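upload10.txt, holding compact mmCIF, C-alpha atoms:
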# COMPACT_ATOMS: atom_id res chain seq x y z
CA MET S 1 37.76 120.91 150.42
CA GLU S 2 35.76 118.71 148.08
CA ALA S 3 35.43 121.60 145.63
CA GLY S 4 39.25 121.92 145.47
CA ILE S 5 39.65 118.20 144.74
CA ALA S 6 37.04 118.36 141.98
CA ARG S 7 38.83 121.33 140.40
CA MET S 8 42.16 119.47 140.44
CA ARG S 9 40.49 116.42 138.88
CA ASP S 10 38.99 118.61 136.15
CA ASN S 11 42.41 120.14 135.38
CA ASN S 12 44.11 116.71 135.10
CA VAL S 13 41.71 115.27 132.50
CA PRO S 14 42.70 117.62 129.63
CA GLU S 15 46.40 117.24 130.49
CA THR S 16 46.07 113.45 130.46
CA ILE S 17 44.30 113.48 127.09
CA ILE S 18 46.93 115.78 125.55
CA GLY S 19 49.72 113.58 126.95
CA ALA S 20 48.11 110.45 125.49
CA ILE S 21 47.83 112.14 122.08
CA VAL S 22 51.52 113.15 122.18
CA VAL S 23 52.56 109.58 123.06
CA ALA S 24 50.35 108.13 120.27
CA VAL S 25 51.86 110.52 117.68
CA ALA S 26 55.39 109.61 118.84
CA VAL S 27 54.63 105.88 118.51
CA LEU S 28 53.19 106.42 115.02
CA PHE S 29 56.29 108.39 114.02
CA VAL S 30 58.62 105.61 115.22
CA VAL S 31 56.59 102.95 113.37
CA PHE S 32 56.58 105.06 110.19
CA ALA S 33 60.35 105.65 110.38
CA TYR S 34 60.97 101.94 111.02
CA MET S 35 58.90 100.89 108.01
CA ARG S 36 60.18 103.68 105.72
CA THR S 37 63.88 102.96 106.25
CA GLY S 38 63.45 99.27 105.53
CA SER S 39 64.64 98.30 108.99
CA GLY S 40 61.96 95.67 109.19
CA SER S 41 62.72 92.11 108.30
CA LEU S 42 63.12 91.56 104.58
CA SER S 43 62.04 88.16 103.38
CA GLY S 44 64.54 86.75 100.96
CA TYR S 45 67.70 84.74 100.68
CA GLU S 46 71.24 85.50 101.76
CA ILE S 47 74.28 85.86 99.51
CA GLN S 48 77.79 86.85 100.50
CA ALA S 49 80.87 88.60 99.18
CA ARG S 50 84.39 89.18 100.55
CA LEU S 51 85.81 92.68 100.29
CA PRO S 52 89.07 94.29 101.42
CA ARG S 53 87.37 97.61 102.34
CA VAL S 54 83.79 98.44 103.30
CA ASP S 55 84.11 102.11 104.26
CA GLY S 56 80.68 103.71 104.53
CA LEU S 57 78.75 100.43 104.66
CA GLY S 58 76.77 99.16 107.62
CA ILE S 59 73.92 96.87 108.52
CA GLY S 60 70.83 98.00 106.60
CA THR S 61 72.79 99.58 103.72
CA ASP S 62 71.08 99.19 100.33
CA VAL S 63 71.98 96.52 97.81
CA ARG S 64 70.97 97.79 94.35
CA LEU S 65 70.69 96.27 90.91
CA SER S 66 70.37 98.77 88.03
CA GLY S 67 69.77 101.48 90.65
CA ILE S 68 66.79 99.67 92.24
CA LYS S 69 66.96 98.44 95.84
CA ILE S 70 66.72 94.65 95.85
CA GLY S 71 68.02 93.98 99.33
CA SER S 72 70.14 95.18 102.20
CA ILE S 73 73.23 94.26 104.19
CA SER S 74 72.32 91.99 107.09
CA ASP S 75 75.77 91.56 108.65
CA LEU S 76 79.47 92.43 108.29
CA THR S 77 82.14 90.13 109.70
CA LEU S 78 85.93 90.47 109.68
CA ASP S 79 88.08 87.40 109.05
CA PRO S 80 91.06 87.79 111.42
CA LYS S 81 93.25 85.52 109.27
CA ASN S 82 93.16 87.46 105.99
CA TYR S 83 91.51 90.72 107.14
CA LEU S 84 88.79 90.51 104.50
CA VAL S 85 85.26 91.57 105.39
CA THR S 86 82.46 89.12 104.61
CA VAL S 87 79.36 91.06 103.62
CA HIS S 88 76.10 89.17 104.22
CA MET S 89 73.29 90.48 102.01
CA ASN S 90 69.58 89.67 102.15
CA ILE S 91 68.12 89.68 98.60
CA ARG S 92 64.42 89.65 97.69
CA ASN S 93 63.07 86.21 96.75
CA ASP S 94 61.76 87.41 93.37
CA ILE S 95 65.26 88.52 92.23
CA LYS S 96 67.66 85.81 91.11
CA ILE S 97 71.35 86.70 90.77
CA PRO S 98 73.53 84.90 88.14
CA ASP S 99 76.56 83.20 89.71
CA ASP S 100 79.03 85.21 87.57
CA SER S 101 77.68 88.57 88.74
CA SER S 102 79.97 91.29 90.08
CA LEU S 103 79.67 93.57 93.07
CA MET S 104 81.07 97.03 93.72
CA VAL S 105 80.86 99.45 96.64
CA THR S 106 79.85 102.83 95.24
CA SER S 107 78.21 106.04 96.42
CA SER S 108 75.35 108.30 95.42
CA GLY S 109 77.53 111.16 94.17
CA LEU S 110 80.63 112.76 95.64
CA LEU S 111 79.20 113.28 99.13
CA GLY S 112 76.40 110.70 98.94
CA SER S 113 75.96 107.61 101.06
CA SER S 114 77.59 104.34 100.05
CA TYR S 115 75.71 101.30 98.80
CA ILE S 116 76.41 97.99 97.07
CA SER S 117 75.85 97.87 93.33
CA LEU S 118 75.34 94.45 91.75
CA THR S 119 75.98 93.93 88.04
CA PRO S 120 74.36 90.73 86.78
CA GLY S 121 76.46 88.30 84.80
CA GLY S 122 75.41 86.27 81.78
CA SER S 123 75.38 82.81 83.35
CA ASP S 124 72.29 80.61 83.28
CA LYS S 125 73.20 79.28 86.73
CA MET S 126 71.87 81.38 89.64
CA LEU S 127 73.42 81.90 93.08
CA ALA S 128 71.84 79.68 95.69
CA ALA S 129 71.05 80.84 99.21
CA GLY S 130 74.36 81.32 101.00
CA GLY S 131 76.23 81.65 97.68
CA MET S 132 79.35 83.76 97.32
CA ILE S 133 79.91 86.48 94.71
CA GLN S 134 83.47 85.97 93.50
CA ASN S 135 84.01 89.16 91.48
CA SER S 136 83.89 92.04 93.97
CA GLN S 137 85.48 95.44 94.41
CA GLY S 138 85.65 97.18 97.78
CA SER S 139 85.24 100.86 98.53
CA VAL S 140 87.65 103.48 97.23
CA ASP S 141 89.38 105.85 99.65
CA LEU S 142 88.34 109.19 98.13
CA MET S 143 90.26 111.30 100.63
CA GLY S 144 93.43 109.33 99.86
CA LEU S 145 92.94 109.92 96.14
CA VAL S 146 92.35 113.64 96.69
CA GLY S 147 95.43 113.83 98.91
CA ARG S 148 97.54 112.06 96.31
CA PHE S 149 96.26 114.40 93.60
CA ILE S 150 96.92 117.53 95.65
CA GLY S 151 100.29 116.23 96.82
CA GLY S 152 101.44 115.81 93.23
CA GLY S 153 101.45 112.03 93.23
CA GLY S 154 98.44 111.75 90.89
CA GLY S 155 98.08 111.94 87.18
CA GLY S 156 99.45 108.47 86.48
CA GLN S 157 102.77 109.83 85.17
CA ALA S 158 106.10 109.05 86.68
CA GLN S 159 107.73 112.12 88.14
CA GLN S 160 111.13 113.07 86.81
CA PRO S 161 113.80 113.59 89.45
CA LYS S 162 114.79 117.20 89.97
CA PRO S 163 118.22 118.03 88.53
CA GLN S 164 120.85 118.42 91.18
CA PRO S 165 123.09 121.51 91.01
CA SER S 166 126.60 120.70 89.89
CA PRO S 167 129.41 121.39 92.36
CA PRO S 168 131.30 124.63 91.82
CA GLN S 169 134.28 124.28 89.51
CA GLN S 170 137.68 125.73 90.12
CA LEU S 171 138.85 128.18 87.49
CA PRO S 172 142.54 127.91 86.49
CA SER S 173 144.61 130.71 87.96
CA PRO S 174 146.41 132.99 85.41
Can you turn what I pasted into structure tokens?
Amino acid sequence: MEAGIARMRDNNVPETIIGAIVVAVAVLFVVFAYMRTGSGSLSGYEIQARLPRVDGLGIGTDVRLSGIKIGSISDLTLDPKNYLVTVHMNIRNDIKIPDDSSLMVTSSGLLGSSYISLTPGGSDKMLAAGGMIQNSQGSVDLMGLVGRFIGGGGGGQAQQPKPQPSPPQQLPSP
């Protein structure tokens, strides 16, 4: 009986060690993914912008300046009175944004993910923490544009009305 218990104990030790290794690797993977995606807290200051459309944006989406990530979206709130979305962005402390800068929602190619692109202005005055970017452009509905183009509504030219057939005329009888 004691020999059977000892054999079971010997079989459990390798299984326990392998299980602990698997759990440790899983924890390391989660920590790596958390740090790599920038989901950790970003020290910086908050700025805001109001946009009519924020399709493709979410919390954690990149905020880029000249193609370089300088921050991320920390919150999105909808104003029920005017239906504009307030985008709260956390910007790195070492990057100062001029108060006449502009913001645009854009994407990384035709099928790429959306992000916010900041274009710095020429002002000497910088946005303070909690400042609002006034010049902003929301996302563009690509599927709507494609549908309009395919449906014949694109091209920027006014369509001419189709000529209507004239009613049949009576010929004089001889």
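In this structure, atom CA of S:Ser136 sits 19.1 Å away from atom CA of S:Gly60.
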What separates atom CA of S:Phe29 and atom CA of S:Pro14 is a distance of 22.7 Å
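Going from atom CA of S:Val87 to atom CA of S:Lys125 covers 21.5 Å.
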Taking all atoms listed in the file into account, name the residue in S:Thr86, S:Ser117, S:Ser101, S:Ser43 that is nearest to S:Val63. S:Ser117
Near-stretch 111-115 of chain S list (9 Å; all atoms listed in the file; drop same-chain fewer than 5 positions) as number ranges by chain: S: 55-57, 61-64, 72, 104-106, 139
Choose the residue, out of S:Pro52, S:Gly151, S:Gly19, S:Gly121, that has the smallest atom-to-atom separation from S:Gln137; count all atoms listed in the file.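 Under the stated criterion, the closest residue is S:Pro52.
Comparing the minimum interatomic distances between S:Arg53 and each of S:Asp99, S:Ser123, S:Gly138, S:Val23, counting only C-alpha atoms, we find that S:Gly138 sits nearest.
In terms of minimum interatomic distance to S:Arg50, S:Met89 ranks closest within S:Ile18, S:Val30, S:Leu65, S:Met89, counting only C-alpha atoms.
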Which polymer residues have any atom within 12 Å of an atom of S:Ala128, counting all atoms listed in the file, with same-chain residues fewer than 4 positions away left out, as a PyMOL selection string? chain S and resi 44-48+91+93+95-99+132-133
